[in-house]
Amino acid sequence: MSTFVASDLHIGVAENEDMMCEFFRMVRREGQHLILNGDVLDLWLARWQEIESSSVYQELLITVQQIPTVIVRGNHDYRLAEWQVPGAKIVDEYEKDGIYFIHGWQFDTPQVILRPLFPIITACLPHVYQFLMRHGFFKAHSKARGATWQKRVVSTCYFLLTPLSPLVMAYLPKIYRLFGMWPFEVDFSLRDALKFARPAAHLKRSITRDGYRFYSIEEKG
C-alpha cells in the first residue's frame with residue numbers, strides 16, 4: 001500500500017501552486033493513503049476567500065474524496081475544522097504502522113511556553129497578521145530591509161530561550177497534562193530532551209521513546 005506524506009503546504013499563501021497541484025494528482029494516480037502533517041491550510045496568513053479560491057485547495061478537496069486522508073493539525077491550521085476539508089480525518093497526532101506523526105510545533109520552545117494561550121492566540125493573531133498584510137506592512141519592510149529586523153527578533157528570542165529548551169520540552173508538557181492542556185500522547189524525558197536539543201550541523205539524530213522514533217535533520221542552506 002502506497003502512503004504519501006507531506007506537510008507545510010500553507011495553502012492560501014504558497015507560491016508553488018503548480019507543483020502542489022501535481023502532487024495531489026500524483027497521489028490520486030498512485031496512492032492509497034495520504035497523510036498531511038500540519039500547516040496544510042494557512043489560516044493565519046490567508047483569508048478564507050483566498051484559500052477557497054486556490055487551485056491547490058480544489059485539488060485537495062478532490063483528492064480527499066478519492067483517497068483516505070488524514071490531516072494532522074499544525075500551528076497555522078490549529079483551528080482547522082472538518083467542514084473546511086470535508087471527508088478528511090482531522091487529528092492532533094496520528095500513528096500508522098508504528099510511525100508517529102505530529103507537526104512538531106509542540107516541541108518548539110516558545111510555542112510550548114505559550115501553549116495555555118494558544119486558543120486565544122490562534123483566534124486573534126491571524127486577524128492582526130491579515131490586517132497588516134493587506135496594508136502592505138510585511139511587503140514594505142521586506143523590500144526595504146530584507147526582513148532582517150523580523151529575523152533578528154525571532155533569532156534573539158530563540159537564542160535567549162535555548163538554554164531553557166530541554167527543561168521546557170521535558171517538564172512543561174507534563175505540567176500542562178495535569179491541567180488538561182496537553183492532549184498529545186508523546187513527550188520527552190529530560191535525557192531525551194537534552195539529546196534532541198543539542199546543536200549540531202549536518203547531523204541526523206534519532207531518539208527512541210515509547211516505541212516511536214523521532215528524527216531531526218539540520219542542514220545548512
# chains A, B, ... in the order shown; residues from 1 in each chain; ligands from 1
$ residues_around --residues "segment 68-85 of chain A" --least-positions-apart "4" --cutoff "6 Å" --atoms "only C-alpha atoms" --output "list in words"
His33, Leu34, Ile35, Leu36, Asn37, Gly38, Asp39, Leu41, Asp42, Leu43, Trp44, Val64, Lys89, Ile90, Val91, Asp92, Glu93 and His103 of chain A
$ write_last_selection --atoms "N, CA, C and O atoms" --output "PDB file, in the first residue's frame"
ATOM      1  N   HIS A  33      -3.255   6.037   0.397  1.00  0.00           N
ATOM      2  CA  HIS A  33      -3.438   6.704   1.688  1.00  0.00           C
ATOM      3  C   HIS A  33      -2.618   7.989   1.669  1.00  0.00           C
ATOM      4  O   HIS A  33      -1.495   8.007   1.158  1.00  0.00           O
ATOM      5  N   LEU A  34      -3.178   9.064   2.228  1.00  0.00           N
ATOM      6  CA  LEU A  34      -2.493  10.357   2.263  1.00  0.00           C
ATOM      7  C   LEU A  34      -2.484  10.894   3.688  1.00  0.00           C
ATOM      8  O   LEU A  34      -3.518  10.918   4.356  1.00  0.00           O
ATOM      9  N   ILE A  35      -1.295  11.293   4.150  1.00  0.00           N
ATOM     10  CA  ILE A  35      -1.149  11.923   5.460  1.00  0.00           C
ATOM     11  C   ILE A  35      -0.559  13.309   5.249  1.00  0.00           C
ATOM     12  O   ILE A  35       0.524  13.454   4.676  1.00  0.00           O
ATOM     13  N   LEU A  36      -1.273  14.339   5.681  1.00  0.00           N
ATOM     14  CA  LEU A  36      -0.798  15.719   5.598  1.00  0.00           C
ATOM     15  C   LEU A  36      -0.465  16.161   7.013  1.00  0.00           C
ATOM     16  O   LEU A  36      -1.349  16.315   7.856  1.00  0.00           O
ATOM     17  N   ASN A  37       0.814  16.394   7.257  1.00  0.00           N
ATOM     18  CA  ASN A  37       1.317  16.520   8.616  1.00  0.00           C
ATOM     19  C   ASN A  37       1.428  17.974   9.076  1.00  0.00           C
ATOM     20  O   ASN A  37       2.473  18.431   9.516  1.00  0.00           O
ATOM     21  N   GLY A  38       0.335  18.709   8.961  1.00  0.00           N
ATOM     22  CA  GLY A  38       0.263  20.027   9.566  1.00  0.00           C
ATOM     23  C   GLY A  38       0.546  21.196   8.648  1.00  0.00           C
ATOM     24  O   GLY A  38       1.242  21.076   7.639  1.00  0.00           O
ATOM     25  N   ASP A  39      -0.032  22.352   8.998  1.00  0.00           N
ATOM     26  CA  ASP A  39       0.080  23.592   8.224  1.00  0.00           C
ATOM     27  C   ASP A  39      -0.334  23.363   6.774  1.00  0.00           C
ATOM     28  O   ASP A  39       0.332  23.826   5.839  1.00  0.00           O
ATOM     29  N   LEU A  41      -3.564  24.193   5.480  1.00  0.00           N
ATOM     30  CA  LEU A  41      -4.170  25.481   5.152  1.00  0.00           C
ATOM     31  C   LEU A  41      -3.533  26.537   6.042  1.00  0.00           C
ATOM     32  O   LEU A  41      -3.358  26.315   7.240  1.00  0.00           O
ATOM     33  N   ASP A  42      -3.194  27.668   5.475  1.00  0.00           N
ATOM     34  CA  ASP A  42      -2.607  28.731   6.288  1.00  0.00           C
ATOM     35  C   ASP A  42      -3.725  29.645   6.782  1.00  0.00           C
ATOM     36  O   ASP A  42      -4.033  30.672   6.166  1.00  0.00           O
ATOM     37  N   LEU A  43      -4.311  29.265   7.911  1.00  0.00           N
ATOM     38  CA  LEU A  43      -5.407  30.039   8.483  1.00  0.00           C
ATOM     39  C   LEU A  43      -4.909  31.259   9.237  1.00  0.00           C
ATOM     40  O   LEU A  43      -5.726  32.049   9.726  1.00  0.00           O
ATOM     41  N   TRP A  44      -3.594  31.409   9.350  1.00  0.00           N
ATOM     42  CA  TRP A  44      -3.034  32.595   9.978  1.00  0.00           C
ATOM     43  C   TRP A  44      -2.877  33.730   8.980  1.00  0.00           C
ATOM     44  O   TRP A  44      -3.293  34.854   9.243  1.00  0.00           O
ATOM     45  N   VAL A  64      -9.254  14.261  -1.388  1.00  0.00           N
ATOM     46  CA  VAL A  64      -9.842  13.740  -0.159  1.00  0.00           C
ATOM     47  C   VAL A  64     -11.050  12.857  -0.455  1.00  0.00           C
ATOM     48  O   VAL A  64     -11.305  11.871   0.247  1.00  0.00           O
ATOM     49  N   LYS A  89      -9.968  13.020   7.763  1.00  0.00           N
ATOM     50  CA  LYS A  89      -9.890  12.776   9.202  1.00  0.00           C
ATOM     51  C   LYS A  89      -8.907  13.788   9.782  1.00  0.00           C
ATOM     52  O   LYS A  89      -7.733  13.811   9.403  1.00  0.00           O
ATOM     53  N   ILE A  90      -9.362  14.628  10.694  1.00  0.00           N
ATOM     54  CA  ILE A  90      -8.531  15.699  11.231  1.00  0.00           C
ATOM     55  C   ILE A  90      -8.192  15.385  12.683  1.00  0.00           C
ATOM     56  O   ILE A  90      -9.088  15.195  13.515  1.00  0.00           O
ATOM     57  N   VAL A  91      -6.893  15.326  12.977  1.00  0.00           N
ATOM     58  CA  VAL A  91      -6.431  14.915  14.302  1.00  0.00           C
ATOM     59  C   VAL A  91      -5.273  15.815  14.746  1.00  0.00           C
ATOM     60  O   VAL A  91      -4.737  16.596  13.962  1.00  0.00           O
ATOM     61  N   ASP A  92      -4.895  15.692  16.020  1.00  0.00           N
ATOM     62  CA  ASP A  92      -3.739  16.420  16.540  1.00  0.00           C
ATOM     63  C   ASP A  92      -2.463  15.600  16.455  1.00  0.00           C
ATOM     64  O   ASP A  92      -1.351  16.156  16.491  1.00  0.00           O
ATOM     65  N   GLU A  93      -2.595  14.283  16.364  1.00  0.00           N
ATOM     66  CA  GLU A  93      -1.461  13.381  16.212  1.00  0.00           C
ATOM     67  C   GLU A  93      -1.983  12.092  15.591  1.00  0.00           C
ATOM     68  O   GLU A  93      -3.187  11.810  15.638  1.00  0.00           O
ATOM     69  N   HIS A 103       2.962  17.430  14.010  1.00  0.00           N
ATOM     70  CA  HIS A 103       3.513  18.524  13.214  1.00  0.00           C
ATOM     71  C   HIS A 103       4.849  19.009  13.753  1.00  0.00           C
ATOM     72  O   HIS A 103       5.769  19.304  12.999  1.00  0.00           O
TER      73      HIS A 103
END
$ closest_residue --among "A:Arg25, A:Asn16, A:Trp48, A:Pro166" --to "Gln130 of chain A" --atoms "only C-alpha atoms"
A:Trp48
$ closest_residue --among "A:His127, A:Arg47, A:Arg29, A:Arg115" --to "Ile11 of chain A" --atoms "only C-alpha atoms"
A:Arg47
$ closest_atom_pairs --of "segment 42-136 of chain A" --to "segment 187-194 of chain A" --cutoff "12 Å" --atoms "only C-alpha atoms" --output "CSV"
residue,atom,partner,partner_atom,distance
A:Ile102,CA,A:Asp187,CA,11.4
A:Gly104,CA,A:Asp187,CA,11.3
A:Gln106,CA,A:Asp187,CA,9.1
A:Phe107,CA,A:Asp187,CA,8.5
A:Asp108,CA,A:Ala193,CA,11.6
A:Thr109,CA,A:Ala193,CA,11.2
A:Val112,CA,A:Asp187,CA,11.4
